[in-house]
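**Student:** I am sharing entry09.cif, which consists of mmCIF, C-alpha atoms and all ligand atoms:
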```
data_coords
#
loop_
_atom_site.group_PDB
_atom_site.id
_atom_site.type_symbol
_atom_site.label_atom_id
_atom_site.label_comp_id
_atom_site.auth_asym_id
_atom_site.auth_seq_id
_atom_site.Cartn_x
_atom_site.Cartn_y
_atom_site.Cartn_z
ATOM 1 C CA MET A 2 -4.977 0.216 21.314
ATOM 2 C CA ALA A 3 -4.109 -3.214 20.073
ATOM 3 C CA LEU A 4 -0.986 -3.946 18.104
ATOM 4 C CA LEU A 5 -1.247 -6.955 15.818
ATOM 5 C CA LYS A 6 1.585 -9.291 14.878
ATOM 6 C CA ILE A 7 2.752 -8.716 11.319
ATOM 7 C CA ALA A 8 3.236 -11.737 9.048
ATOM 8 C CA ARG A 9 6.605 -11.886 7.365
ATOM 9 C CA LEU A 10 7.690 -13.015 3.911
ATOM 10 C CA GLY A 11 7.408 -16.786 3.653
ATOM 11 C CA HIS A 12 4.228 -17.145 5.703
ATOM 12 C CA PRO A 13 1.535 -18.750 3.503
ATOM 13 C CA VAL A 14 -1.112 -16.202 4.574
ATOM 14 C CA LEU A 15 0.718 -13.585 2.502
ATOM 15 C CA ILE A 16 0.381 -15.467 -0.789
ATOM 16 C CA ARG A 17 -3.205 -16.634 -0.318
ATOM 17 C CA PRO A 18 -6.020 -14.609 -1.942
ATOM 18 C CA ALA A 19 -8.070 -12.916 0.788
ATOM 19 C CA ALA A 20 -11.814 -13.417 1.129
ATOM 20 C CA PRO A 21 -14.303 -10.603 0.417
ATOM 21 C CA VAL A 22 -16.050 -9.115 3.459
ATOM 22 C CA ASP A 23 -19.795 -9.807 3.390
ATOM 23 C CA ASP A 24 -20.830 -7.080 5.843
ATOM 24 C CA PRO A 25 -18.449 -4.084 5.937
ATOM 25 C CA THR A 26 -20.345 -2.624 8.900
ATOM 26 C CA ASP A 27 -19.748 -5.693 11.078
ATOM 27 C CA ALA A 28 -18.339 -4.748 14.508
ATOM 28 C CA GLU A 29 -15.564 -7.287 14.053
ATOM 29 C CA ILE A 30 -14.392 -5.492 10.890
ATOM 30 C CA ARG A 31 -14.517 -2.142 12.694
ATOM 31 C CA ARG A 32 -12.270 -3.557 15.423
ATOM 32 C CA LEU A 33 -9.920 -5.079 12.849
ATOM 33 C CA ILE A 34 -9.586 -1.740 11.060
ATOM 34 C CA ALA A 35 -8.885 0.143 14.308
ATOM 35 C CA ASP A 36 -6.197 -2.396 15.229
ATOM 36 C CA MET A 37 -4.693 -2.296 11.729
ATOM 37 C CA ILE A 38 -4.432 1.501 11.893
ATOM 38 C CA ASP A 39 -2.741 1.292 15.318
ATOM 39 C CA THR A 40 -0.369 -1.374 14.001
ATOM 40 C CA MET A 41 0.477 0.569 10.823
ATOM 41 C CA LYS A 42 1.207 3.764 12.739
ATOM 42 C CA ASP A 43 3.273 1.963 15.372
ATOM 43 C CA ALA A 44 5.358 0.305 12.652
ATOM 44 C CA GLN A 45 5.658 3.660 10.834
ATOM 45 C CA GLY A 46 4.248 2.127 7.679
ATOM 46 C CA VAL A 47 2.133 3.863 5.042
ATOM 47 C CA GLY A 48 -0.180 0.931 4.446
ATOM 48 C CA LEU A 49 -1.310 -2.413 5.777
ATOM 49 C CA ALA A 50 -3.522 -5.171 4.394
ATOM 50 C CA GLY A 51 -5.541 -7.853 6.216
ATOM 51 C CA PRO A 52 -3.302 -10.798 5.264
ATOM 52 C CA GLN A 53 -0.325 -8.981 6.803
ATOM 53 C CA VAL A 54 -1.978 -9.337 10.219
ATOM 54 C CA TYR A 55 -3.038 -12.958 9.578
ATOM 55 C CA GLN A 56 -6.595 -11.897 8.637
ATOM 56 C CA SER A 57 -7.281 -13.205 5.151
ATOM 57 C CA ARG A 58 -9.956 -10.559 4.506
ATOM 58 C CA ARG A 59 -10.163 -7.878 1.853
ATOM 59 C CA VAL A 60 -9.409 -4.913 4.122
ATOM 60 C CA ILE A 61 -6.677 -2.296 3.662
ATOM 61 C CA VAL A 62 -5.594 0.831 5.521
ATOM 62 C CA PHE A 63 -3.175 3.474 4.315
ATOM 63 C CA GLU A 64 -1.959 6.974 5.062
ATOM 64 C CA ALA A 65 1.014 8.945 3.847
ATOM 65 C CA PRO A 66 2.157 12.335 5.080
ATOM 66 C CA ALA A 67 2.983 14.874 2.392
ATOM 67 C CA GLU A 68 6.746 14.442 2.780
ATOM 68 C CA ARG A 69 6.392 10.766 1.864
ATOM 69 C CA ALA A 70 3.629 11.215 -0.662
ATOM 70 C CA GLY A 71 5.630 13.093 -3.285
ATOM 71 C CA ALA A 72 4.402 15.782 -5.631
ATOM 72 C CA GLY A 73 1.438 15.916 -7.955
ATOM 73 C CA GLU A 74 -1.185 14.560 -5.594
ATOM 74 C CA GLU A 75 -4.747 15.691 -5.367
ATOM 75 C CA PRO A 76 -5.107 17.123 -1.848
ATOM 76 C CA GLY A 77 -7.757 15.593 0.369
ATOM 77 C CA PRO A 78 -10.627 17.936 1.304
ATOM 78 C CA ALA A 79 -9.328 18.632 4.818
ATOM 79 C CA LEU A 80 -5.850 19.443 3.594
ATOM 80 C CA ALA A 81 -7.131 21.558 0.734
ATOM 81 C CA GLU A 82 -9.266 23.545 3.152
ATOM 82 C CA ALA A 83 -6.258 24.091 5.377
ATOM 83 C CA GLY A 84 -4.238 25.146 2.343
ATOM 84 C CA GLY A 85 -1.735 22.447 3.207
ATOM 85 C CA VAL A 86 0.342 20.327 0.893
ATOM 86 C CA ALA A 87 -1.105 17.118 -0.375
ATOM 87 C CA GLY A 88 -0.670 13.885 1.471
ATOM 88 C CA VAL A 89 -2.647 10.678 1.347
ATOM 89 C CA PRO A 90 -5.490 10.899 3.886
ATOM 90 C CA LEU A 91 -5.898 8.107 6.413
ATOM 91 C CA THR A 92 -8.190 5.681 4.625
ATOM 92 C CA ALA A 93 -9.621 2.272 5.468
ATOM 93 C CA LEU A 94 -11.273 0.375 2.623
ATOM 94 C CA ILE A 95 -13.163 -2.874 2.509
ATOM 95 C CA ASN A 96 -13.315 -4.931 -0.686
ATOM 96 C CA PRO A 97 -11.216 -2.371 -2.601
ATOM 97 C CA SER A 98 -10.478 -2.512 -6.315
ATOM 98 C CA PHE A 99 -8.719 -0.333 -8.873
ATOM 99 C CA GLU A 100 -8.347 0.162 -12.577
ATOM 100 C CA PRO A 101 -5.527 1.986 -14.355
ATOM 101 C CA ILE A 102 -6.160 5.285 -16.125
ATOM 102 C CA GLY A 103 -4.017 4.918 -19.208
ATOM 103 C CA GLU A 104 -1.115 2.547 -19.511
ATOM 104 C CA ALA A 105 1.702 4.755 -18.221
ATOM 105 C CA LEU A 106 3.914 3.152 -15.594
ATOM 106 C CA ASP A 107 6.071 4.847 -12.948
ATOM 107 C CA LEU A 108 9.114 3.319 -11.322
ATOM 108 C CA GLY A 109 9.349 3.952 -7.603
ATOM 109 C CA LEU A 110 10.891 2.631 -4.421
ATOM 110 C CA GLU A 111 8.760 0.426 -2.184
ATOM 111 C CA GLY A 112 9.158 -1.311 1.104
ATOM 112 C CA CYS A 113 6.774 -3.589 2.960
ATOM 113 C CA LEU A 114 6.174 -4.211 6.658
ATOM 114 C CA SER A 115 6.160 -7.935 5.834
ATOM 115 C CA ILE A 116 9.630 -7.684 4.264
ATOM 116 C CA PRO A 117 11.491 -5.637 6.860
ATOM 117 C CA GLY A 118 14.844 -4.107 6.004
ATOM 118 C CA LEU A 119 14.500 -4.275 2.223
ATOM 119 C CA SER A 120 13.376 -1.919 -0.521
ATOM 120 C CA GLY A 121 12.935 -2.394 -4.232
ATOM 121 C CA VAL A 122 12.170 -0.411 -7.365
ATOM 122 C CA VAL A 123 8.743 -1.453 -8.644
ATOM 123 C CA PRO A 124 6.789 -0.454 -11.757
ATOM 124 C CA ARG A 125 3.199 0.638 -11.029
ATOM 125 C CA PHE A 126 0.447 2.338 -12.984
ATOM 126 C CA ALA A 127 0.997 6.079 -12.762
ATOM 127 C CA ARG A 128 -2.711 6.910 -12.514
ATOM 128 C CA ILE A 129 -5.561 4.820 -11.217
ATOM 129 C CA ARG A 130 -9.200 4.992 -10.264
ATOM 130 C CA TYR A 131 -9.950 3.057 -7.079
ATOM 131 C CA ARG A 132 -12.963 2.294 -4.981
ATOM 132 C CA GLY A 133 -13.976 0.463 -1.860
ATOM 133 C CA VAL A 134 -16.451 0.544 1.000
ATOM 134 C CA THR A 135 -15.910 2.178 4.400
ATOM 135 C CA GLN A 136 -16.787 0.629 7.745
ATOM 136 C CA ASP A 137 -19.942 2.796 7.636
ATOM 137 C CA GLY A 138 -20.996 1.092 4.431
ATOM 138 C CA GLU A 139 -20.297 4.127 2.242
ATOM 139 C CA THR A 140 -18.607 3.797 -1.129
ATOM 140 C CA VAL A 141 -15.372 5.706 -1.653
ATOM 141 C CA ALA A 142 -14.292 6.348 -5.258
ATOM 142 C CA ARG A 143 -11.153 8.324 -6.000
ATOM 143 C CA GLU A 144 -8.575 8.993 -8.642
ATOM 144 C CA ALA A 145 -4.958 8.903 -7.588
ATOM 145 C CA SER A 146 -1.533 9.351 -9.090
ATOM 146 C CA GLY A 147 2.077 9.118 -7.986
ATOM 147 C CA PHE A 148 2.759 7.794 -4.504
ATOM 148 C CA HIS A 149 -0.928 7.660 -3.601
ATOM 149 C CA ALA A 150 -1.608 5.383 -6.575
ATOM 150 C CA ARG A 151 1.458 3.292 -5.715
ATOM 151 C CA VAL A 152 0.352 2.681 -2.119
ATOM 152 C CA VAL A 153 -3.144 1.623 -3.187
ATOM 153 C CA GLN A 154 -1.811 -0.795 -5.815
ATOM 154 C CA HIS A 155 0.662 -2.270 -3.300
ATOM 155 C CA GLU A 156 -2.058 -2.822 -0.677
ATOM 156 C CA ILE A 157 -4.629 -4.280 -3.079
ATOM 157 C CA ASP A 158 -1.902 -6.621 -4.348
ATOM 158 C CA HIS A 159 -1.613 -7.992 -0.797
ATOM 159 C CA LEU A 160 -5.277 -9.059 -1.014
ATOM 160 C CA ASP A 161 -4.426 -11.132 -4.065
ATOM 161 C CA GLY A 162 -1.387 -12.734 -2.455
ATOM 162 C CA VAL A 163 1.076 -10.591 -4.404
ATOM 163 C CA LEU A 164 4.127 -9.026 -2.740
ATOM 164 C CA TYR A 165 6.120 -6.199 -4.326
ATOM 165 C CA PRO A 166 9.160 -8.315 -5.304
ATOM 166 C CA MET A 167 6.748 -10.348 -7.469
ATOM 167 C CA ARG A 168 6.023 -7.117 -9.407
ATOM 168 C CA MET A 169 9.673 -6.203 -9.880
ATOM 169 C CA THR A 170 11.017 -6.446 -13.412
ATOM 170 C CA ASP A 171 14.672 -5.984 -12.380
ATOM 171 C CA LEU A 172 15.750 -7.794 -9.221
ATOM 172 C CA THR A 173 19.090 -5.991 -9.221
ATOM 173 C CA LEU A 174 17.013 -3.087 -7.880
ATOM 174 C CA LEU A 175 16.245 -4.912 -4.611
ATOM 175 C CA ALA A 176 18.388 -3.678 -1.714
ATOM 176 C CA PHE A 177 18.806 -3.512 2.027
ATOM 177 C CA ASN A 178 17.553 -0.131 3.197
ATOM 178 C CA GLU A 179 21.079 0.840 4.223
ATOM 179 C CA GLU A 180 22.275 0.244 0.645
ATOM 180 C CA VAL A 181 19.420 1.975 -1.196
ATOM 181 C CA GLY A 182 21.380 5.213 -1.573
ATOM 182 C CA ARG A 183 24.294 3.409 -3.201
ATOM 183 C CA MET A 184 21.947 1.377 -5.399
ATOM 184 C CA LEU A 185 20.135 4.463 -6.685
ATOM 185 C CA ALA A 186 23.437 6.284 -7.227
ATOM 186 C CA ALA A 187 24.660 3.377 -9.332
ATOM 187 C CA LEU A 188 21.371 3.487 -11.238
ATOM 188 C CA ASP A 189 21.944 7.187 -11.988
ATOM 189 C CA GLU A 190 25.347 6.311 -13.441
ATOM 190 C CA ILE A 191 23.789 3.701 -15.683
ATOM 191 C CA ASP A 192 20.907 5.884 -16.820
ATOM 192 C CA GLY A 193 22.969 9.047 -17.233
ATOM 193 C CA GLU A 194 21.744 12.509 -16.335
ATOM 194 C CA ASP A 195 18.070 11.720 -16.821
ATOM 195 C CA GLY A 196 18.290 9.388 -13.803
HETATM 196 NI NI NI B 201 3.280 -4.460 1.912
#
```
Could you spell out this file's structure in structure tokens?
**Tutor:**
Amino acid sequence: MALLKIARLGHPVLIRPAAPVDDPTDAEIRRLIADMIDTMKDAQGVGLAGPQVYQSRRVIVFEAPAERAGAGEEPGPALAEAGGVAGVPLTALINPSFEPIGEALDLGLEGCLSIPGLSGVVPRFARIRYRGVTQDGETVAREASGFHARVVQHEIDHLDGVLYPMRMTDLTLLAFNEEVGRMLAALDEIDGEDG
């Protein structure tokens, strides 16, 4: 198990577009993915992208347990078989891309391991189709909505040098984690009972 150092907001590697991976089955990429998964789990994150560990390569990993994934997700095959609730299965993708399905946007709270201690409300496409290649050279193509779609968009953004505050349309909705409850409560007051 190798834990990688995580780049923090302000480091140039985070705003530089990452390079495509020529050979997804390269042993070096396999090692990078294993280390990224270890690092993500250790940091209790739900996603991590190459640039966040100083590797300017188009590689992402993500996983979200059901309690963090929200409702309305398509269960992964293993979970569906087990009759469990839907989460986002542990996934590592090389050279990933996505396209929105429809134009509907969702607002949701995001954090980032490169911006510790803060969270912000970010608009994202509600439904997407995404694809990428695994370390075995197989193509993965999925549709996702809700939190699953949000995580994928956040991680692919990292590969283009985009951090979630750059996607925010209202910077008053950026808060320290300890103040998020108060911020959202204030938002409820503004928006009325629809929240
Ligand atoms: Ni992030």
**Student:** Which residues are near Met37 of chain A? Cut-off 9 Å, all atoms listed in the file, ignore same chain within fewer than 3 positions. Put them as a PDB file with C-alpha atoms, keeping the file's coordinate frame.
**Tutor:**
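Produced file out17.pdb, reproduced below:
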```pdb
ATOM      1  CA  ALA A   3      -4.109  -3.214  20.073  1.00  0.00           C
ATOM      2  CA  LEU A   4      -0.986  -3.946  18.104  1.00  0.00           C
ATOM      3  CA  LEU A   5      -1.247  -6.955  15.818  1.00  0.00           C
ATOM      4  CA  ARG A  32     -12.270  -3.557  15.423  1.00  0.00           C
ATOM      5  CA  LEU A  33      -9.920  -5.079  12.849  1.00  0.00           C
ATOM      6  CA  ILE A  34      -9.586  -1.740  11.060  1.00  0.00           C
ATOM      7  CA  THR A  40      -0.369  -1.374  14.001  1.00  0.00           C
ATOM      8  CA  MET A  41       0.477   0.569  10.823  1.00  0.00           C
ATOM      9  CA  LYS A  42       1.207   3.764  12.739  1.00  0.00           C
ATOM     10  CA  LEU A  49      -1.310  -2.413   5.777  1.00  0.00           C
ATOM     11  CA  ALA A  50      -3.522  -5.171   4.394  1.00  0.00           C
ATOM     12  CA  GLY A  51      -5.541  -7.853   6.216  1.00  0.00           C
ATOM     13  CA  VAL A  54      -1.978  -9.337  10.219  1.00  0.00           C
ATOM     14  CA  ILE A  61      -6.677  -2.296   3.662  1.00  0.00           C
ATOM     15  CA  VAL A  62      -5.594   0.831   5.521  1.00  0.00           C
TER      16      VAL A  62
END
```
**Student:** I'd like to know which of A:Gly112, A:Pro90, A:Pro52, A:Gly103 is closest to ligand NI 201 (chain B), using all atoms listed in the file.
**Tutor:** A:Gly112
**Student:** For the contact check between chain A and ligand NI 201 (chain B), emit one row per residue of chain A within 9 Å, containing the shortest atom pair and the distance in Å rounded to one decimal, counting all atoms listed in the file, chain then rising number order, as a tab-separated table.
**Tutor:**
```
residue	atom	partner	partner_atom	distance
A:Gly46	CA	B:NI201	NI	8.8
A:Val47	CA	B:NI201	NI	9.0
A:Gly48	CA	B:NI201	NI	6.9
A:Leu49	CA	B:NI201	NI	6.3
A:Ala50	CA	B:NI201	NI	7.3
A:Gln53	CA	B:NI201	NI	7.6
A:Glu111	CA	B:NI201	NI	8.4
A:Gly112	CA	B:NI201	NI	6.7
A:Cys113	CA	B:NI201	NI	3.8
A:Leu114	CA	B:NI201	NI	5.6
A:Ser115	CA	B:NI201	NI	6.0
A:Ile116	CA	B:NI201	NI	7.5
A:Val152	CA	B:NI201	NI	8.7
A:His155	CA	B:NI201	NI	6.2
A:Glu156	CA	B:NI201	NI	6.2
A:Asp158	CA	B:NI201	NI	8.4
A:His159	CA	B:NI201	NI	6.6
A:Leu164	CA	B:NI201	NI	6.6
A:Tyr165	CA	B:NI201	NI	7.1
```
**Student:** For Phe148 of chain A, which of A:Arg59, A:Arg183, A:Arg9, A:Arg128 is the closest residue, counting only C-alpha atoms?
**Tutor:** A:Arg128
**Student:** Is it possible to get the residues within 10 Å of (-16.1, 3.2, -0.7) (coordinates as in the file, counting all atoms listed in the file) written as a ChimeraX atom specification?
**Tutor:** /A:92-98,131-143
**Student:** List the spatial neighbours of Pro166 of chain A as a PyMOL selection string - criterion: any atom at most 8 Å away, only C-alpha atoms, same-chain residues fewer than 4 positions off excluded.
**Tutor:** chain A and resi 121+123+172+175
**Student:** Just the number, please: distance in Å from atom CA of Ile102 of chain A to atom CA of Gln45 of chain A, one decimal.
**Tutor:** 29.5 Å
**Student:** Pick the closest to Arg125 of chain A from A:Asp107, A:Glu179, A:Asp171, A:Glu144: which is it, counting all atoms listed in the file?
**Tutor:** A:Asp107
**Student:** Atom CA of His149 of chain A and atom CA of Ala187 of chain A are how many Å apart?
**Tutor:**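 Atom CA of Ala187 of chain A lies 26.6 Å from atom CA of His149 of chain A.
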**Student:** What separation in Å, quoted to one decimal, exists between atom CA of Ala65 of chain A and atom CA of Met184 of chain A?
**Tutor:**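 Between these atoms lies a distance of 24.1 Å.
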**Student:** Using all atoms listed in the file, pick whichever of A:Leu110, A:Ala44, A:Leu188, A:Val60 has the shortest atom-to-atom distance to Ala19 of chain A.
**Tutor:** A:Val60
**Student:** Hey, could you pull the box centre and edge lengths for segment 166-182 of chain A, axis-aligned, 3 Å padding per side, all listed atoms, to one decimal in Å, as AutoDock Vina command-line options?
**Tutor:**
```
--center_x 14.1 --center_y -2.6 --center_z -4.6 --size_x 22.3 --size_y 21.6 --size_z 23.6
```
**Student:** Using only C-alpha atoms, determine which residues lie at most 8 Å from Pro124 of chain A, disregarding the query and same-chain residues fewer than 5 positions distant; provide the list as a PyMOL selection string.
**Tutor:** chain A and resi 106-109+168-170
**Student:** Between A:Leu10, A:Pro66, A:Met2, A:Asp24, which residue has the minimum interatomic distance to Ile38 of chain A, considering only C-alpha atoms?
**Tutor:** A:Met2
**Student:** Considering only C-alpha atoms, state which residue in the set A:Asp189, A:Ala127, A:Ile157, A:Glu180 is at the smallest distance from Pro18 of chain A.
**Tutor:**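 Looking only at the distances to Pro18 of chain A, the closest residue turns out to be A:Ile157.
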**Student:** Name the residues captured by the PyMOL selection byres (((chain A and resi 177) around 7) and not hetatm) when it is applied to the shown file; answer as a list in words.
**Tutor:**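 Output of the PyMOL selection byres (((chain A and resi 177) around 7) and not hetatm): Gly118, Leu119, Ser120, Ala176, Asn178, Glu179, Glu180 and Val181 of chain A.
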